[in-house]
Amino acid sequence: MLAGRNRPECGVWRILADRRSTDAAGFSYRLLDKIGNWGSDTGLIFLEDVRVPVANTIGEIGRGFQQQMMQFQDERLVACVTSYAGAQVLWEKTRKYCEERKLFGGRLIDMQVTKFKLVEMLTQITAARELTHHCVRKRIRAEEATLEISMAKLFSGRMGRHVSDECIQLHGASVT
């Protein structure tokens, strides 16, 4: 799927799609090597005098940008779920490690600062999950949720980074 302008003079967007092939005249691409999420390809797309049949358009012509923006809300929710679910796994593994790790004649988990850090992280994970669930309920009821979803994505991303950093610290590494 590709979003592009069909009338550059007025900046109107539409969604263009040709699910059958990428060998249309004037269309070429080059995949990029990347790190991180390999769930989808990232690449450069080149279009030169490409003509798209009306049959390959999706949605209402002239409203493609707005339609795509609504799809972004669902993608942001996926990012929220990925953040809090990943953080939850890290937290559980770190808690287990802290229960097993002997330090200064006792277990790491029995130290007050460790308990505080684990509770703080779990609070943030729970808050991210509940905010995300609130947004999902609004989407299910077809209520406007753009602001809340943006907030959830921001909070979940920051929470994921914080939890990752704290878990690394509890495993004995330093993070800069």
# chains A, B, ... in the order shown; residues from 1 in each chain; ligands from 1
>>> select_by_dssp(residues="chain A", states="strand (DSSP E)", output="JSON list (two decimals) with all heavy atoms, in the first residue's frame")
[["chain", "number", "residue", "atom", "x", "y", "z"],
["A", 2, "LEU", "N", 0.47, 2.24, -0.68],
["A", 2, "LEU", "CA", 1.26, 3.45, -0.83],
["A", 2, "LEU", "C", 0.33, 4.65, -0.79],
["A", 2, "LEU", "O", -0.71, 4.65, -1.44],
["A", 2, "LEU", "CB", 2.00, 3.39, -2.18],
["A", 2, "LEU", "CG", 2.74, 4.63, -2.62],
["A", 2, "LEU", "CD1", 3.96, 4.84, -1.72],
["A", 2, "LEU", "CD2", 3.18, 4.45, -4.07],
["A", 3, "ALA", "N", 0.69, 5.64, 0.00],
["A", 3, "ALA", "CA", -0.06, 6.89, 0.03],
["A", 3, "ALA", "C", 0.66, 7.88, -0.86],
["A", 3, "ALA", "O", 1.88, 8.03, -0.77],
["A", 3, "ALA", "CB", -0.15, 7.43, 1.45],
["A", 4, "GLY", "N", -0.06, 8.55, -1.73],
["A", 4, "GLY", "CA", 0.56, 9.52, -2.63],
["A", 4, "GLY", "C", -0.44, 10.58, -3.07],
["A", 4, "GLY", "O", -1.63, 10.41, -2.93],
["A", 5, "ARG", "N", 0.08, 11.67, -3.58],
["A", 5, "ARG", "CA", -0.77, 12.75, -4.05],
["A", 5, "ARG", "C", -1.22, 12.48, -5.48],
["A", 5, "ARG", "O", -0.41, 12.14, -6.34],
["A", 5, "ARG", "CB", -0.03, 14.08, -4.03],
["A", 5, "ARG", "CG", -0.03, 14.71, -2.67],
["A", 5, "ARG", "CD", 0.53, 16.08, -2.77],
["A", 5, "ARG", "NE", 1.98, 15.94, -2.81],
["A", 5, "ARG", "CZ", 2.81, 16.92, -2.60],
["A", 5, "ARG", "NH1", 2.38, 18.12, -2.37],
["A", 5, "ARG", "NH2", 4.11, 16.71, -2.63],
["A", 6, "ASN", "N", -2.50, 12.63, -5.71],
["A", 6, "ASN", "CA", -2.99, 12.47, -7.07],
["A", 6, "ASN", "C", -3.18, 13.82, -7.75],
["A", 6, "ASN", "O", -3.31, 13.88, -8.96],
["A", 6, "ASN", "CB", -4.29, 11.66, -7.10],
["A", 6, "ASN", "CG", -5.42, 12.36, -6.38],
["A", 6, "ASN", "OD1", -5.20, 13.01, -5.35],
["A", 6, "ASN", "ND2", -6.62, 12.22, -6.89],
["A", 7, "ARG", "N", -3.20, 14.90, -6.96],
["A", 7, "ARG", "CA", -3.34, 16.24, -7.53],
["A", 7, "ARG", "C", -2.39, 17.18, -6.79],
["A", 7, "ARG", "O", -2.77, 17.84, -5.83],
["A", 7, "ARG", "CB", -4.78, 16.72, -7.41],
["A", 7, "ARG", "CG", -5.72, 15.87, -8.23],
["A", 7, "ARG", "CD", -7.13, 16.40, -8.35],
["A", 7, "ARG", "NE", -7.48, 17.40, -7.37],
["A", 7, "ARG", "CZ", -8.71, 17.58, -6.92],
["A", 7, "ARG", "NH1", -9.70, 16.83, -7.36],
["A", 7, "ARG", "NH2", -8.98, 18.52, -6.03],
["A", 12, "VAL", "N", -4.03, 17.23, -2.38],
["A", 12, "VAL", "CA", -4.98, 16.19, -1.97],
["A", 12, "VAL", "C", -4.28, 14.84, -2.02],
["A", 12, "VAL", "O", -3.54, 14.54, -2.95],
["A", 12, "VAL", "CB", -6.22, 16.19, -2.89],
["A", 12, "VAL", "CG1", -7.15, 15.03, -2.55],
["A", 12, "VAL", "CG2", -6.95, 17.51, -2.78],
["A", 13, "TRP", "N", -4.53, 14.01, -1.01],
["A", 13, "TRP", "CA", -3.92, 12.69, -0.93],
["A", 13, "TRP", "C", -4.95, 11.62, -1.20],
["A", 13, "TRP", "O", -6.13, 11.80, -0.98],
["A", 13, "TRP", "CB", -3.35, 12.46, 0.47],
["A", 13, "TRP", "CG", -2.11, 13.23, 0.71],
["A", 13, "TRP", "CD1", -2.02, 14.58, 0.94],
["A", 13, "TRP", "CD2", -0.79, 12.74, 0.75],
["A", 13, "TRP", "NE1", -0.72, 14.95, 1.12],
["A", 13, "TRP", "CE2", 0.06, 13.83, 1.00],
["A", 13, "TRP", "CE3", -0.23, 11.48, 0.58],
["A", 13, "TRP", "CZ2", 1.43, 13.69, 1.11],
["A", 13, "TRP", "CZ3", 1.14, 11.36, 0.70],
["A", 13, "TRP", "CH2", 1.95, 12.46, 0.95],
["A", 14, "ARG", "N", -4.50, 10.48, -1.67],
["A", 14, "ARG", "CA", -5.36, 9.31, -1.79],
["A", 14, "ARG", "C", -4.51, 8.08, -1.54],
["A", 14, "ARG", "O", -3.29, 8.13, -1.60],
["A", 14, "ARG", "CB", -6.06, 9.27, -3.15],
["A", 14, "ARG", "CG", -5.18, 8.73, -4.26],
["A", 14, "ARG", "CD", -5.61, 9.13, -5.63],
["A", 14, "ARG", "NE", -6.72, 8.40, -6.17],
["A", 14, "ARG", "CZ", -7.06, 8.45, -7.44],
["A", 14, "ARG", "NH1", -6.37, 9.19, -8.29],
["A", 14, "ARG", "NH2", -8.08, 7.79, -7.90],
["A", 15, "ILE", "N", -5.14, 6.99, -1.27],
["A", 15, "ILE", "CA", -4.43, 5.75, -1.03],
["A", 15, "ILE", "C", -4.39, 4.96, -2.33],
["A", 15, "ILE", "O", -5.41, 4.75, -2.97],
["A", 15, "ILE", "CB", -5.13, 4.91, 0.07],
["A", 15, "ILE", "CG1", -5.22, 5.72, 1.36],
["A", 15, "ILE", "CG2", -4.40, 3.60, 0.31],
["A", 15, "ILE", "CD1", -3.90, 6.14, 1.93],
["A", 16, "LEU", "N", -3.21, 4.55, -2.71],
["A", 16, "LEU", "CA", -3.02, 3.80, -3.93],
["A", 16, "LEU", "C", -2.60, 2.39, -3.56],
["A", 16, "LEU", "O", -1.83, 2.20, -2.64],
["A", 16, "LEU", "CB", -1.93, 4.44, -4.79],
["A", 16, "LEU", "CG", -2.00, 5.96, -4.98],
["A", 16, "LEU", "CD1", -0.74, 6.45, -5.66],
["A", 16, "LEU", "CD2", -3.22, 6.31, -5.78],
["A", 27, "PHE", "N", 7.51, 2.14, -11.57],
["A", 27, "PHE", "CA", 7.63, 1.83, -10.15],
["A", 27, "PHE", "C", 8.88, 0.99, -9.90],
["A", 27, "PHE", "O", 9.10, -0.01, -10.57],
["A", 27, "PHE", "CB", 6.41, 1.05, -9.66],
["A", 27, "PHE", "CG", 6.49, 0.64, -8.21],
["A", 27, "PHE", "CD1", 6.05, 1.48, -7.21],
["A", 27, "PHE", "CD2", 7.01, -0.60, -7.86],
["A", 27, "PHE", "CE1", 6.13, 1.11, -5.88],
["A", 27, "PHE", "CE2", 7.10, -0.99, -6.53],
["A", 27, "PHE", "CZ", 6.66, -0.13, -5.53],
["A", 28, "SER", "N", 9.70, 1.41, -8.95],
["A", 28, "SER", "CA", 10.85, 0.61, -8.54],
["A", 28, "SER", "C", 11.12, 0.88, -7.06],
["A", 28, "SER", "O", 10.65, 1.87, -6.50],
["A", 28, "SER", "CB", 12.09, 0.92, -9.39],
["A", 28, "SER", "OG", 12.45, 2.28, -9.25],
["A", 29, "TYR", "N", 11.87, -0.01, -6.45],
["A", 29, "TYR", "CA", 12.19, 0.16, -5.03],
["A", 29, "TYR", "C", 13.52, -0.50, -4.71],
["A", 29, "TYR", "O", 14.03, -1.32, -5.47],
["A", 29, "TYR", "CB", 11.09, -0.42, -4.14],
["A", 29, "TYR", "CG", 10.98, -1.93, -4.22],
["A", 29, "TYR", "CD1", 11.63, -2.73, -3.29],
["A", 29, "TYR", "CD2", 10.23, -2.54, -5.21],
["A", 29, "TYR", "CE1", 11.54, -4.11, -3.36],
["A", 29, "TYR", "CE2", 10.13, -3.91, -5.29],
["A", 29, "TYR", "CZ", 10.78, -4.69, -4.36],
["A", 29, "TYR", "OH", 10.70, -6.06, -4.43],
["A", 30, "ARG", "N", 14.05, -0.11, -3.55],
["A", 30, "ARG", "CA", 15.28, -0.71, -3.03],
["A", 30, "ARG", "C", 15.12, -0.86, -1.52],
["A", 30, "ARG", "O", 14.85, 0.11, -0.82],
["A", 30, "ARG", "CB", 16.48, 0.17, -3.35],
["A", 30, "ARG", "CG", 17.80, -0.39, -2.83],
["A", 30, "ARG", "CD", 19.01, 0.39, -3.34],
["A", 30, "ARG", "NE", 18.95, 1.81, -3.03],
["A", 30, "ARG", "CZ", 19.45, 2.35, -1.91],
["A", 30, "ARG", "NH1", 20.02, 1.61, -1.00],
["A", 30, "ARG", "NH2", 19.37, 3.66, -1.73],
["A", 31, "LEU", "N", 15.25, -2.10, -1.02],
["A", 31, "LEU", "CA", 15.14, -2.35, 0.41],
["A", 31, "LEU", "C", 16.40, -1.87, 1.12],
["A", 31, "LEU", "O", 17.50, -1.95, 0.58],
["A", 31, "LEU", "CB", 14.94, -3.84, 0.69],
["A", 31, "LEU", "CG", 13.62, -4.43, 0.18],
["A", 31, "LEU", "CD1", 13.55, -5.92, 0.51],
["A", 31, "LEU", "CD2", 12.42, -3.70, 0.79],
["A", 43, "GLY", "N", 12.26, 0.59, 2.94],
["A", 43, "GLY", "CA", 13.00, 0.80, 1.71],
["A", 43, "GLY", "C", 12.68, 2.13, 1.06],
["A", 43, "GLY", "O", 11.88, 2.91, 1.55],
["A", 44, "LEU", "N", 13.34, 2.35, -0.05],
["A", 44, "LEU", "CA", 13.11, 3.54, -0.86],
["A", 44, "LEU", "C", 12.22, 3.15, -2.03],
["A", 44, "LEU", "O", 12.45, 2.12, -2.67],
["A", 44, "LEU", "CB", 14.44, 4.08, -1.37],
["A", 44, "LEU", "CG", 15.46, 4.47, -0.31],
["A", 44, "LEU", "CD1", 16.79, 4.84, -0.96],
["A", 44, "LEU", "CD2", 14.94, 5.63, 0.52],
["A", 45, "ILE", "N", 11.23, 3.97, -2.29],
["A", 45, "ILE", "CA", 10.31, 3.73, -3.41],
["A", 45, "ILE", "C", 10.51, 4.85, -4.42],
["A", 45, "ILE", "O", 10.58, 6.03, -4.06],
["A", 45, "ILE", "CB", 8.84, 3.71, -2.93],
["A", 45, "ILE", "CG1", 8.64, 2.53, -1.99],
["A", 45, "ILE", "CG2", 7.90, 3.64, -4.11],
["A", 45, "ILE", "CD1", 7.26, 2.49, -1.37],
["A", 46, "PHE", "N", 10.61, 4.47, -5.67],
["A", 46, "PHE", "CA", 10.81, 5.44, -6.75],
["A", 46, "PHE", "C", 9.63, 5.35, -7.71],
["A", 46, "PHE", "O", 9.28, 4.26, -8.17],
["A", 46, "PHE", "CB", 12.11, 5.14, -7.49],
["A", 46, "PHE", "CG", 13.31, 5.10, -6.58],
["A", 46, "PHE", "CD1", 13.77, 3.88, -6.10],
["A", 46, "PHE", "CD2", 13.95, 6.26, -6.20],
["A", 46, "PHE", "CE1", 14.87, 3.83, -5.26],
["A", 46, "PHE", "CE2", 15.05, 6.22, -5.36],
["A", 46, "PHE", "CZ", 15.51, 5.00, -4.88],
["A", 47, "LEU", "N", 9.00, 6.48, -7.99],
["A", 47, "LEU", "CA", 7.88, 6.56, -8.91],
["A", 47, "LEU", "C", 8.22, 7.56, -10.01],
["A", 47, "LEU", "O", 8.60, 8.68, -9.73],
["A", 47, "LEU", "CB", 6.61, 7.02, -8.19],
["A", 47, "LEU", "CG", 6.19, 6.21, -6.96],
["A", 47, "LEU", "CD1", 5.07, 6.91, -6.23],
["A", 47, "LEU", "CD2", 5.78, 4.81, -7.37],
["A", 57, "THR", "N", -7.47, 2.04, -6.25],
["A", 57, "THR", "CA", -7.56, 2.99, -5.14],
["A", 57, "THR", "C", -8.41, 2.39, -4.03],
["A", 57, "THR", "O", -9.26, 1.54, -4.27],
["A", 57, "THR", "CB", -8.16, 4.34, -5.58],
["A", 57, "THR", "OG1", -9.48, 4.12, -6.05],
["A", 57, "THR", "CG2", -7.31, 5.00, -6.65],
["A", 58, "ILE", "N", -8.12, 2.83, -2.81],
["A", 58, "ILE", "CA", -8.86, 2.35, -1.64],
["A", 58, "ILE", "C", -9.53, 3.56, -1.00],
["A", 58, "ILE", "O", -8.89, 4.57, -0.75],
["A", 58, "ILE", "CB", -7.91, 1.67, -0.63],
["A", 58, "ILE", "CG1", -7.25, 0.46, -1.26],
["A", 58, "ILE", "CG2", -8.66, 1.30, 0.64],
["A", 58, "ILE", "CD1", -6.19, -0.16, -0.38],
["A", 102, "LYS", "N", 22.44, -13.48, 44.91],
["A", 102, "LYS", "CA", 22.95, -13.28, 46.26],
["A", 102, "LYS", "C", 23.92, -12.11, 46.24],
["A", 102, "LYS", "O", 24.79, -12.02, 45.38],
["A", 102, "LYS", "CB", 23.67, -14.53, 46.77],
["A", 102, "LYS", "CG", 22.82, -15.79, 46.75],
["A", 102, "LYS", "CD", 21.78, -15.75, 47.83],
["A", 102, "LYS", "CE", 21.09, -17.12, 47.87],
["A", 102, "LYS", "NZ", 19.75, -17.06, 48.32],
["A", 103, "LEU", "N", 23.75, -11.22, 47.23],
["A", 103, "LEU", "CA", 24.58, -10.02, 47.26],
["A", 103, "LEU", "C", 24.68, -9.54, 48.71],
["A", 103, "LEU", "O", 23.65, -9.42, 49.40],
["A", 103, "LEU", "CB", 23.93, -8.94, 46.38],
["A", 103, "LEU", "CG", 24.71, -7.70, 46.07],
["A", 103, "LEU", "CD1", 25.97, -8.03, 45.26],
["A", 103, "LEU", "CD2", 23.86, -6.72, 45.29],
["A", 106, "GLY", "N", 22.79, -11.59, 51.31],
["A", 106, "GLY", "CA", 21.34, -11.76, 51.19],
["A", 106, "GLY", "C", 20.94, -11.75, 49.72],
["A", 106, "GLY", "O", 21.78, -11.72, 48.82],
["A", 107, "ARG", "N", 19.66, -11.78, 49.51],
["A", 107, "ARG", "CA", 19.15, -11.74, 48.14],
["A", 107, "ARG", "C", 18.95, -10.30, 47.69],
["A", 107, "ARG", "O", 18.55, -9.44, 48.49],
["A", 107, "ARG", "CB", 17.81, -12.49, 48.02],
["A", 107, "ARG", "CG", 17.89, -13.96, 48.38],
["A", 107, "ARG", "CD", 16.58, -14.67, 48.21],
["A", 107, "ARG", "NE", 15.48, -13.91, 48.78],
["A", 107, "ARG", "CZ", 14.19, -14.08, 48.46],
["A", 107, "ARG", "NH1", 13.85, -14.99, 47.58],
["A", 107, "ARG", "NH2", 13.24, -13.36, 49.03]]
>>> select_by_dssp(residues="chain A", states="alpha helix (DSSP H)", output="number ranges by chain")
A: 64-100, 112-140, 146-170
>>> write_last_selection(atoms="C-alpha atoms", output="compact mmCIF listing (two decimals), in the first residue's frame")
# COMPACT_ATOMS: atom_id res chain seq x y z
CA GLY A 64 -6.86 9.29 1.60
CA PHE A 65 -4.74 11.32 4.01
CA GLN A 66 -7.54 11.50 6.59
CA GLN A 67 -8.24 7.79 6.15
CA GLN A 68 -4.56 6.97 6.61
CA MET A 69 -4.38 9.12 9.74
CA MET A 70 -7.21 7.09 11.27
CA GLN A 71 -5.25 3.90 10.53
CA PHE A 72 -2.27 5.40 12.36
CA GLN A 73 -4.32 5.37 15.56
CA ASP A 74 -4.53 1.58 15.44
CA GLU A 75 -0.81 1.33 14.65
CA ARG A 76 -0.05 3.53 17.65
CA LEU A 77 -2.11 1.20 19.82
CA VAL A 78 -0.07 -1.76 18.55
CA ALA A 79 3.09 0.13 19.59
CA CYS A 80 1.57 0.67 23.04
CA VAL A 81 0.77 -3.02 23.48
CA THR A 82 4.24 -4.00 22.27
CA SER A 83 5.83 -1.59 24.76
CA TYR A 84 3.95 -2.69 27.85
CA ALA A 85 4.05 -6.40 26.97
CA GLY A 86 7.80 -6.30 26.38
CA ALA A 87 8.34 -4.32 29.57
CA GLN A 88 6.26 -6.86 31.50
CA VAL A 89 8.47 -9.72 30.27
CA LEU A 90 11.64 -7.79 31.19
CA TRP A 91 10.21 -7.00 34.61
CA GLU A 92 9.30 -10.63 35.31
CA LYS A 93 12.75 -11.90 34.25
CA THR A 94 14.42 -9.22 36.34
CA ARG A 95 12.30 -10.01 39.40
CA LYS A 96 13.26 -13.67 39.07
CA TYR A 97 16.92 -12.74 38.73
CA CYS A 98 16.70 -10.53 41.84
CA GLU A 99 15.18 -13.42 43.80
CA GLU A 100 18.10 -15.67 42.84
CA GLN A 112 14.72 -1.87 49.95
CA VAL A 113 15.97 -0.05 46.85
CA THR A 114 15.33 -3.16 44.73
CA LYS A 115 11.78 -3.46 46.05
CA PHE A 116 11.20 0.21 45.33
CA LYS A 117 12.51 -0.08 41.76
CA LEU A 118 10.44 -3.19 41.04
CA VAL A 119 7.24 -1.59 42.38
CA GLU A 120 7.92 1.65 40.48
CA MET A 121 8.40 -0.26 37.22
CA LEU A 122 5.32 -2.40 37.77
CA THR A 123 3.28 0.74 38.46
CA GLN A 124 4.40 2.26 35.15
CA ILE A 125 3.75 -0.97 33.25
CA THR A 126 0.26 -1.20 34.76
CA ALA A 127 -0.46 2.46 33.98
CA ALA A 128 0.61 1.98 30.35
CA ARG A 129 -1.54 -1.13 30.02
CA GLU A 130 -4.61 0.53 31.56
CA LEU A 131 -4.25 3.67 29.44
CA THR A 132 -3.93 1.50 26.34
CA HIS A 133 -7.00 -0.54 27.31
CA HIS A 134 -8.93 2.71 27.84
CA CYS A 135 -7.98 3.78 24.30
CA VAL A 136 -8.98 0.41 22.84
CA ARG A 137 -12.39 0.62 24.55
CA LYS A 138 -12.90 4.08 23.02
CA ARG A 139 -11.96 2.78 19.56
CA ILE A 140 -14.35 -0.15 19.95
CA THR A 146 -6.68 10.57 18.96
CA LEU A 147 -5.48 12.59 21.96
CA GLU A 148 -5.59 9.65 24.37
CA ILE A 149 -3.90 7.32 21.88
CA SER A 150 -1.11 9.85 21.32
CA MET A 151 -0.70 10.16 25.09
CA ALA A 152 -0.64 6.37 25.49
CA LYS A 153 2.02 5.98 22.80
CA LEU A 154 4.20 8.68 24.36
CA PHE A 155 3.82 7.25 27.87
CA SER A 156 4.29 3.62 26.78
CA GLY A 157 7.43 4.40 24.81
CA ARG A 158 9.00 6.30 27.70
CA MET A 159 7.92 3.61 30.14
CA GLY A 160 9.52 0.91 27.99
CA ARG A 161 12.82 2.78 27.92
CA HIS A 162 12.72 3.40 31.69
CA VAL A 163 11.91 -0.22 32.51
CA SER A 164 14.67 -1.46 30.19
CA ASP A 165 17.21 0.86 31.80
CA GLU A 166 16.19 -0.10 35.34
CA CYS A 167 16.26 -3.82 34.55
CA ILE A 168 19.76 -3.50 33.13
CA GLN A 169 20.80 -1.68 36.32
CA LEU A 170 19.40 -4.45 38.50
>>> atom_distance(atom1="CA of Glu48 (chain A)", atom2="CA of Asp33 (chain A)")
23.7 Å
>>> atom_distance(atom1="CA of Ala25 (chain A)", atom2="CA of Asp49 (chain A)")
8.1 Å
